[in-house]
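Here is the structure we will look at.
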Amino acid sequence: MANIGFIGLGNMGLPMAQNLLKAGHSVQGFDVSKAQADALAAAGGRAAESVKAAASGADIVITMLPAGQHVRDVYLGVDGVLSSVGAGTLLIDSSTIDVASARDVAAAAETKGLAMLDAPVSGGVGGALAGTLTFMVGGSDAAFARALSVLEKMGKTIVHAGGAGNGQAAKICNNMILGVSMIAVSEAFVLAEKLGLDAQKLFDISSKSSGQCWSMTTYCPVPGPVPGSPANRDYKAGFTAAMMLKDLKLAQDAAKAAGATTPLGADAAKIYSQFVESGEGPRDFSGVIRFIRGG
Ligand code: NAD
């Protein structure tokens, strides 16, 4: 069993760390919010007082932080992960961050002889709790092979997407599809309403026709057809509109840097930006249908 340092014990990190504890690993965790580290201790882990304390002596360090700057600070800062771990420690960042930061931090780790993976996830808080996340992993074959048995304790589908940064590339491409498809499905339901077509009828037809997609059949943005979707609980998140906007912006930054043309991705980023500016950032991202409907 491994000694794991876990940094960033928020909505996702805490349940992920708890699944590692359940699997018999020992986990020392740090979060700038003491309450989060205390929650890990209550679940059988150890609350560390700093990044350095969480990383020292760990076989594996896992981070689950808000954005690229946090990841840079935690790994590269004074008393950060890179200066605190011993030789042979495997580093895994599961935050969703920009591809450039992921590659920069992995390169800095490599200059110290440390293997690092970017391993962002899909599946949300529900997937983190159930241990059914999808991991998209970038890094070397050897590091991936070492990480697999630990990632399997937190996720169900684990895909090696290629070299450093490719996990983040996969994540933002996937979420660009999701943002665009949620808007498309929402527009279709709003148009159906205006045309006098019942939402359940559109669902019955499109869920079995070429309009079928995850935003339609699993996360339907109108109440009724899919009882578990956030539309049935006043769009309580789930996956917040603010997080969708973050991922769409990351996709746009990456598209600009790589010279890729993504007009629908750009429009989706604009629509989510307006939705978030209207005060709906904490709402589930499928609530964008209300913005499209105009109320
Ligand atoms: P969160 O804000 O709940 O958790 C982040 C945690 O990091 C917080 O507890 C915060 O206190 C802590 N933190 C910030 N700076 C720190 C530092 N310097 N040292 C230690 N701890 C620090 O966010 P979350 O929902 O858990 O998301 C984490 C990451 O996972 C994000 O990158 C997000 O985009 C991604 N993600 C989230 C979801 C989701 O549904 N919530 C789904 C997939 C991916």
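Starting from 1 in every chain, residues are counted up; chains themselves are A, B, ... following the order of the structure tokens, and ligands are numbered from 1 as listed.
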
Close residues, Ala100 in chain A itself excluded, 9 Å, only C-alpha atoms, min 4 positions apart in chain, as a PyMOL selection string: chain A and resi 68+104-105+165+254

Distance query Val81 in chain A at most 8 Å, only C-alpha atoms, self and fewer than 6 positions along chain excluded, as a list in words: Val51, Lys52, Ala55, Val74 and Tyr75 of chain A

Distance query Lys246 in chain A at most 12 Å, only C-alpha atoms, self and fewer than 3 positions along chain excluded, as a count of residues only: 29

At most 9 Å from ligand 1 (only C-alpha atoms and all ligand atoms): residue list as number ranges by chain: A: 6-14, 29-37, 50-51, 63-68, 70-71, 73-74, 94-97, 120-128, 133, 171, 237-240, 243-244, 246-247

Residues of the last selection are to be written out with N, CA and C atoms, as a short mmCIF file (atom, residue, chain, number, x, y, z; two decimals), in the first residue's frame.
```
data_model
loop_
_atom_site.label_atom_id
_atom_site.label_comp_id
_atom_site.auth_asym_id
_atom_site.auth_seq_id
_atom_site.Cartn_x
_atom_site.Cartn_y
_atom_site.Cartn_z
N PHE A 6 -1.91 14.16 -0.51
CA PHE A 6 -3.03 14.66 -1.34
C PHE A 6 -3.22 16.14 -1.04
N ILE A 7 -3.07 16.98 -2.05
CA ILE A 7 -3.14 18.43 -1.85
C ILE A 7 -4.31 19.02 -2.64
N GLY A 8 -5.22 19.68 -1.93
CA GLY A 8 -6.45 20.20 -2.54
C GLY A 8 -7.59 19.25 -2.25
N LEU A 9 -8.23 19.47 -1.09
CA LEU A 9 -9.26 18.53 -0.62
C LEU A 9 -10.64 19.18 -0.69
N GLY A 10 -10.99 19.68 -1.88
CA GLY A 10 -12.28 20.35 -2.06
C GLY A 10 -13.38 19.37 -2.43
N ASN A 11 -14.33 19.85 -3.22
CA ASN A 11 -15.49 19.03 -3.60
C ASN A 11 -15.06 17.72 -4.26
N MET A 12 -14.01 17.77 -5.04
CA MET A 12 -13.53 16.57 -5.75
C MET A 12 -12.44 15.86 -4.95
N GLY A 13 -11.46 16.63 -4.47
CA GLY A 13 -10.28 16.03 -3.85
C GLY A 13 -10.61 15.21 -2.61
N LEU A 14 -11.52 15.74 -1.76
CA LEU A 14 -11.82 15.03 -0.51
C LEU A 14 -12.40 13.63 -0.77
N GLY A 29 -3.04 14.69 3.94
CA GLY A 29 -3.63 15.68 3.04
C GLY A 29 -3.46 17.09 3.53
N PHE A 30 -3.33 18.02 2.57
CA PHE A 30 -3.26 19.44 2.90
C PHE A 30 -4.23 20.23 2.05
N ASP A 31 -4.88 21.19 2.69
CA ASP A 31 -5.73 22.16 1.97
C ASP A 31 -5.56 23.49 2.70
N VAL A 32 -5.60 24.60 1.96
CA VAL A 32 -5.49 25.91 2.62
C VAL A 32 -6.70 26.13 3.55
N SER A 33 -7.78 25.44 3.27
CA SER A 33 -8.92 25.47 4.20
C SER A 33 -8.75 24.33 5.21
N LYS A 34 -8.53 24.71 6.49
CA LYS A 34 -8.23 23.71 7.51
C LYS A 34 -9.40 22.73 7.68
N ALA A 35 -10.62 23.24 7.49
CA ALA A 35 -11.80 22.37 7.66
C ALA A 35 -11.73 21.18 6.71
N GLN A 36 -11.17 21.39 5.52
CA GLN A 36 -11.12 20.30 4.53
C GLN A 36 -10.10 19.25 4.96
N ALA A 37 -8.96 19.70 5.47
CA ALA A 37 -7.94 18.75 5.94
C ALA A 37 -8.47 18.00 7.16
N SER A 50 1.01 21.74 5.81
CA SER A 50 1.55 22.52 4.69
C SER A 50 1.72 21.61 3.48
N VAL A 51 1.99 22.23 2.32
CA VAL A 51 2.30 21.45 1.11
C VAL A 51 3.50 20.55 1.40
N THR A 63 -2.54 16.08 -6.68
CA THR A 63 -3.08 17.42 -6.45
C THR A 63 -4.42 17.56 -7.16
N MET A 64 -5.35 18.30 -6.52
CA MET A 64 -6.69 18.54 -7.10
C MET A 64 -7.06 19.98 -6.78
N LEU A 65 -6.54 20.91 -7.58
CA LEU A 65 -6.57 22.34 -7.27
C LEU A 65 -7.44 23.10 -8.29
N PRO A 66 -7.80 24.35 -7.96
CA PRO A 66 -8.74 25.06 -8.84
C PRO A 66 -8.22 25.34 -10.25
N ALA A 67 -7.00 25.88 -10.41
CA ALA A 67 -6.57 26.34 -11.74
C ALA A 67 -5.05 26.30 -11.88
N GLY A 68 -4.57 26.66 -13.08
CA GLY A 68 -3.15 26.52 -13.42
C GLY A 68 -2.21 27.24 -12.46
N HIS A 70 -2.58 27.88 -9.30
CA HIS A 70 -2.47 27.13 -8.03
C HIS A 70 -1.51 25.96 -8.21
N VAL A 71 -1.60 25.31 -9.37
CA VAL A 71 -0.74 24.14 -9.62
C VAL A 71 0.72 24.59 -9.71
N ASP A 73 2.05 27.24 -8.30
CA ASP A 73 2.49 27.64 -6.96
C ASP A 73 2.80 26.42 -6.09
N VAL A 74 1.88 25.44 -6.12
CA VAL A 74 2.02 24.29 -5.22
C VAL A 74 3.22 23.43 -5.62
N SER A 94 -4.44 16.16 -10.94
CA SER A 94 -5.76 15.84 -11.50
C SER A 94 -6.63 17.08 -11.68
N SER A 95 -6.10 18.27 -11.39
CA SER A 95 -6.85 19.50 -11.61
C SER A 95 -7.09 19.67 -13.11
N THR A 96 -8.11 20.46 -13.46
CA THR A 96 -8.29 20.85 -14.87
C THR A 96 -7.58 22.18 -15.05
N ILE A 97 -6.51 22.19 -15.83
CA ILE A 97 -5.72 23.42 -16.01
C ILE A 97 -5.31 23.56 -17.47
N PRO A 120 -6.44 14.86 -15.48
CA PRO A 120 -7.74 15.47 -15.17
C PRO A 120 -8.85 14.43 -15.27
N VAL A 121 -9.99 14.80 -14.69
CA VAL A 121 -11.08 13.82 -14.59
C VAL A 121 -12.38 14.36 -15.17
N SER A 122 -13.24 13.42 -15.50
CA SER A 122 -14.61 13.73 -15.86
C SER A 122 -15.49 12.85 -14.97
N GLY A 123 -16.70 13.33 -14.65
CA GLY A 123 -17.60 12.51 -13.83
C GLY A 123 -18.14 13.26 -12.63
N GLY A 124 -17.55 14.44 -12.34
CA GLY A 124 -18.12 15.30 -11.31
C GLY A 124 -18.02 14.74 -9.90
N VAL A 125 -18.69 15.45 -8.97
CA VAL A 125 -18.62 15.07 -7.56
C VAL A 125 -19.23 13.68 -7.35
N GLY A 126 -20.29 13.38 -8.09
CA GLY A 126 -20.91 12.05 -7.98
C GLY A 126 -19.92 10.95 -8.34
N GLY A 127 -19.17 11.17 -9.41
CA GLY A 127 -18.17 10.18 -9.84
C GLY A 127 -17.02 10.08 -8.85
N ALA A 128 -16.67 11.23 -8.24
CA ALA A 128 -15.59 11.22 -7.23
C ALA A 128 -16.03 10.43 -6.01
N LEU A 133 -14.78 7.88 -11.63
CA LEU A 133 -14.32 8.96 -12.52
C LEU A 133 -13.68 8.39 -13.79
N LYS A 171 -9.24 16.63 -21.95
CA LYS A 171 -10.28 17.18 -21.07
C LYS A 171 -10.96 18.41 -21.71
N ALA A 237 -26.37 22.55 -8.99
CA ALA A 237 -25.21 21.86 -9.58
C ALA A 237 -24.89 20.62 -8.72
N GLY A 238 -24.42 19.53 -9.28
CA GLY A 238 -23.88 19.22 -10.58
C GLY A 238 -22.53 19.91 -10.91
N PHE A 239 -22.46 20.19 -12.12
CA PHE A 239 -21.29 20.83 -12.72
C PHE A 239 -21.69 22.27 -12.99
N THR A 240 -21.03 23.21 -12.31
CA THR A 240 -21.51 24.59 -12.36
C THR A 240 -21.22 25.25 -13.71
N MET A 243 -17.71 26.55 -13.88
CA MET A 243 -16.69 25.57 -14.26
C MET A 243 -16.73 25.30 -15.76
N MET A 244 -17.93 25.25 -16.31
CA MET A 244 -18.02 25.06 -17.77
C MET A 244 -17.34 26.23 -18.48
N LYS A 246 -14.96 28.11 -17.34
CA LYS A 246 -13.51 27.95 -17.17
C LYS A 246 -12.95 27.02 -18.25
N ASP A 247 -13.61 25.88 -18.44
CA ASP A 247 -13.09 24.89 -19.40
C ASP A 247 -13.20 25.39 -20.84
#
```

Contacts of Ala58 in chain A within 8 Å, only C-alpha atoms, excl. fewer than 4 positions in-chain, as a PyMOL selection string: chain A and resi 2-5+54+85-86+89

Secondary structure check, helix (DSSP H, G or I) residues of range 110-166 of chain A, as a VMD selection string: chain A and resid 110 to 111 124 to 130 141 to 151 166

The selected residues should be written to file as a CSV table (one decimal), in the first residue's frame (atoms: all heavy atoms).
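again04.csv written:
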```csv
chain,number,residue,atom,x,y,z
A,110,GLU,N,10.7,16.9,-14.4
A,110,GLU,CA,11.6,16.1,-15.1
A,110,GLU,C,13.1,16.5,-14.9
A,110,GLU,O,14.0,15.7,-14.7
A,110,GLU,CB,11.3,16.1,-16.6
A,110,GLU,CG,11.9,14.8,-17.3
A,110,GLU,CD,11.5,14.8,-18.8
A,110,GLU,OE1,10.6,15.5,-19.2
A,110,GLU,OE2,12.3,14.1,-19.5
A,111,THR,N,13.3,17.8,-14.8
A,111,THR,CA,14.7,18.3,-14.6
A,111,THR,C,15.2,17.9,-13.2
A,111,THR,O,16.4,17.8,-13.0
A,111,THR,CB,14.8,19.8,-14.7
A,111,THR,OG1,14.0,20.4,-13.8
A,111,THR,CG2,14.4,20.3,-16.1
A,124,GLY,N,-17.6,14.4,-12.3
A,124,GLY,CA,-18.1,15.3,-11.3
A,124,GLY,C,-18.0,14.7,-9.9
A,124,GLY,O,-17.4,13.7,-9.7
A,125,VAL,N,-18.7,15.4,-9.0
A,125,VAL,CA,-18.6,15.1,-7.6
A,125,VAL,C,-19.2,13.7,-7.3
A,125,VAL,O,-18.7,12.9,-6.6
A,125,VAL,CB,-19.3,16.1,-6.7
A,125,VAL,CG1,-19.4,15.7,-5.2
A,125,VAL,CG2,-18.6,17.5,-6.8
A,126,GLY,N,-20.3,13.4,-8.1
A,126,GLY,CA,-20.9,12.1,-8.0
A,126,GLY,C,-19.9,11.0,-8.3
A,126,GLY,O,-19.8,9.9,-7.6
A,127,GLY,N,-19.2,11.2,-9.4
A,127,GLY,CA,-18.2,10.2,-9.8
A,127,GLY,C,-17.0,10.1,-8.8
A,127,GLY,O,-16.5,9.0,-8.6
A,128,ALA,N,-16.7,11.2,-8.2
A,128,ALA,CA,-15.6,11.2,-7.2
A,128,ALA,C,-16.0,10.4,-6.0
A,128,ALA,O,-15.3,9.6,-5.5
A,128,ALA,CB,-15.2,12.7,-6.9
A,129,LEU,N,-17.3,10.6,-5.6
A,129,LEU,CA,-17.8,9.9,-4.4
A,129,LEU,C,-17.9,8.4,-4.7
A,129,LEU,O,-17.5,7.6,-3.9
A,129,LEU,CB,-19.2,10.4,-4.1
A,129,LEU,CG,-19.2,11.8,-3.3
A,129,LEU,CD1,-20.6,12.4,-3.4
A,129,LEU,CD2,-18.8,11.6,-1.9
A,130,ALA,N,-18.4,8.0,-5.9
A,130,ALA,CA,-18.6,6.6,-6.2
A,130,ALA,C,-17.3,5.9,-6.7
A,130,ALA,O,-17.3,4.7,-6.8
A,130,ALA,CB,-19.7,6.5,-7.3
A,141,ASP,N,5.0,6.3,-20.5
A,141,ASP,CA,4.4,5.0,-20.3
A,141,ASP,C,4.7,4.4,-18.9
A,141,ASP,O,3.8,3.8,-18.3
A,141,ASP,CB,5.0,4.0,-21.4
A,141,ASP,CG,4.5,4.3,-22.8
A,141,ASP,OD1,3.5,5.1,-22.9
A,141,ASP,OD2,5.1,3.8,-23.7
A,142,ALA,N,6.0,4.6,-18.5
A,142,ALA,CA,6.4,4.1,-17.2
A,142,ALA,C,5.6,4.7,-16.0
A,142,ALA,O,5.2,4.0,-15.1
A,142,ALA,CB,7.9,4.3,-17.0
A,143,ALA,N,5.4,6.0,-16.1
A,143,ALA,CA,4.7,6.7,-15.0
A,143,ALA,C,3.2,6.3,-15.0
A,143,ALA,O,2.6,6.1,-14.0
A,143,ALA,CB,4.8,8.2,-15.2
A,144,PHE,N,2.7,6.1,-16.2
A,144,PHE,CA,1.3,5.7,-16.3
A,144,PHE,C,1.1,4.3,-15.7
A,144,PHE,O,0.2,4.1,-14.9
A,144,PHE,CB,0.8,5.7,-17.8
A,144,PHE,CG,-0.6,5.2,-18.0
A,144,PHE,CD1,-1.7,6.1,-17.6
A,144,PHE,CD2,-0.9,4.0,-18.4
A,144,PHE,CE1,-3.0,5.7,-17.8
A,144,PHE,CE2,-2.2,3.5,-18.6
A,144,PHE,CZ,-3.3,4.4,-18.3
A,145,ALA,N,2.0,3.4,-16.0
A,145,ALA,CA,2.0,2.1,-15.5
A,145,ALA,C,2.0,2.1,-13.9
A,145,ALA,O,1.3,1.3,-13.3
A,145,ALA,CB,3.1,1.2,-16.1
A,146,ARG,N,2.9,3.0,-13.4
A,146,ARG,CA,3.0,3.0,-11.9
A,146,ARG,C,1.7,3.6,-11.3
A,146,ARG,O,1.3,3.2,-10.2
A,146,ARG,CB,4.1,4.0,-11.5
A,146,ARG,CG,5.5,3.3,-11.5
A,146,ARG,CD,6.5,4.3,-11.1
A,146,ARG,NE,6.5,4.7,-9.7
A,146,ARG,CZ,7.1,5.8,-9.3
A,146,ARG,NH1,7.8,6.5,-10.0
A,146,ARG,NH2,7.0,6.1,-8.0
A,147,ALA,N,1.0,4.5,-12.0
A,147,ALA,CA,-0.1,5.2,-11.4
A,147,ALA,C,-1.4,4.4,-11.5
A,147,ALA,O,-2.3,4.6,-10.7
A,147,ALA,CB,-0.4,6.5,-12.2
A,148,LEU,N,-1.5,3.5,-12.4
A,148,LEU,CA,-2.7,2.8,-12.8
A,148,LEU,C,-3.5,2.2,-11.6
A,148,LEU,O,-4.7,2.5,-11.4
A,148,LEU,CB,-2.5,1.7,-13.9
A,148,LEU,CG,-3.7,1.2,-14.6
A,148,LEU,CD1,-4.5,2.4,-15.2
A,148,LEU,CD2,-3.3,0.2,-15.7
A,149,SER,N,-2.8,1.5,-10.7
A,149,SER,CA,-3.5,0.8,-9.7
A,149,SER,C,-4.1,1.8,-8.7
A,149,SER,O,-5.1,1.5,-8.0
A,149,SER,CB,-2.6,-0.2,-9.0
A,149,SER,OG,-1.6,0.5,-8.3
A,150,VAL,N,-3.5,3.0,-8.5
A,150,VAL,CA,-4.0,4.0,-7.6
A,150,VAL,C,-5.2,4.7,-8.3
A,150,VAL,O,-6.2,4.9,-7.7
A,150,VAL,CB,-2.9,5.0,-7.2
A,150,VAL,CG1,-3.4,6.2,-6.5
A,150,VAL,CG2,-1.9,4.3,-6.3
A,151,LEU,N,-5.0,5.0,-9.6
A,151,LEU,CA,-6.1,5.7,-10.3
A,151,LEU,C,-7.4,4.8,-10.3
A,151,LEU,O,-8.5,5.3,-10.2
A,151,LEU,CB,-5.7,6.1,-11.7
A,151,LEU,CG,-4.5,7.1,-11.8
A,151,LEU,CD1,-4.2,7.4,-13.2
A,151,LEU,CD2,-4.8,8.4,-11.0
A,166,ASN,N,-1.3,16.0,-22.6
A,166,ASN,CA,-2.3,15.4,-23.4
A,166,ASN,C,-3.6,15.0,-22.6
A,166,ASN,O,-4.7,15.0,-23.2
A,166,ASN,CB,-1.8,14.2,-24.2
A,166,ASN,CG,-1.0,14.6,-25.4
A,166,ASN,OD1,-0.5,15.7,-25.5
A,166,ASN,ND2,-0.9,13.7,-26.4
```

Strand (DSSP E) residues, from DSSP on the backbone, in range 158-253 of chain A, as an NGL selection string: :A and (158-162)

Test item: residues at most 12 Å from Gly287 in chain A, only C-alpha atoms, excluding those fewer than 5 positions along its chain, as a ChimeraX atom specification: /A:179,182-183,185-187,215,219-223,229-242,244,271-272,275-276,278-282,292-295
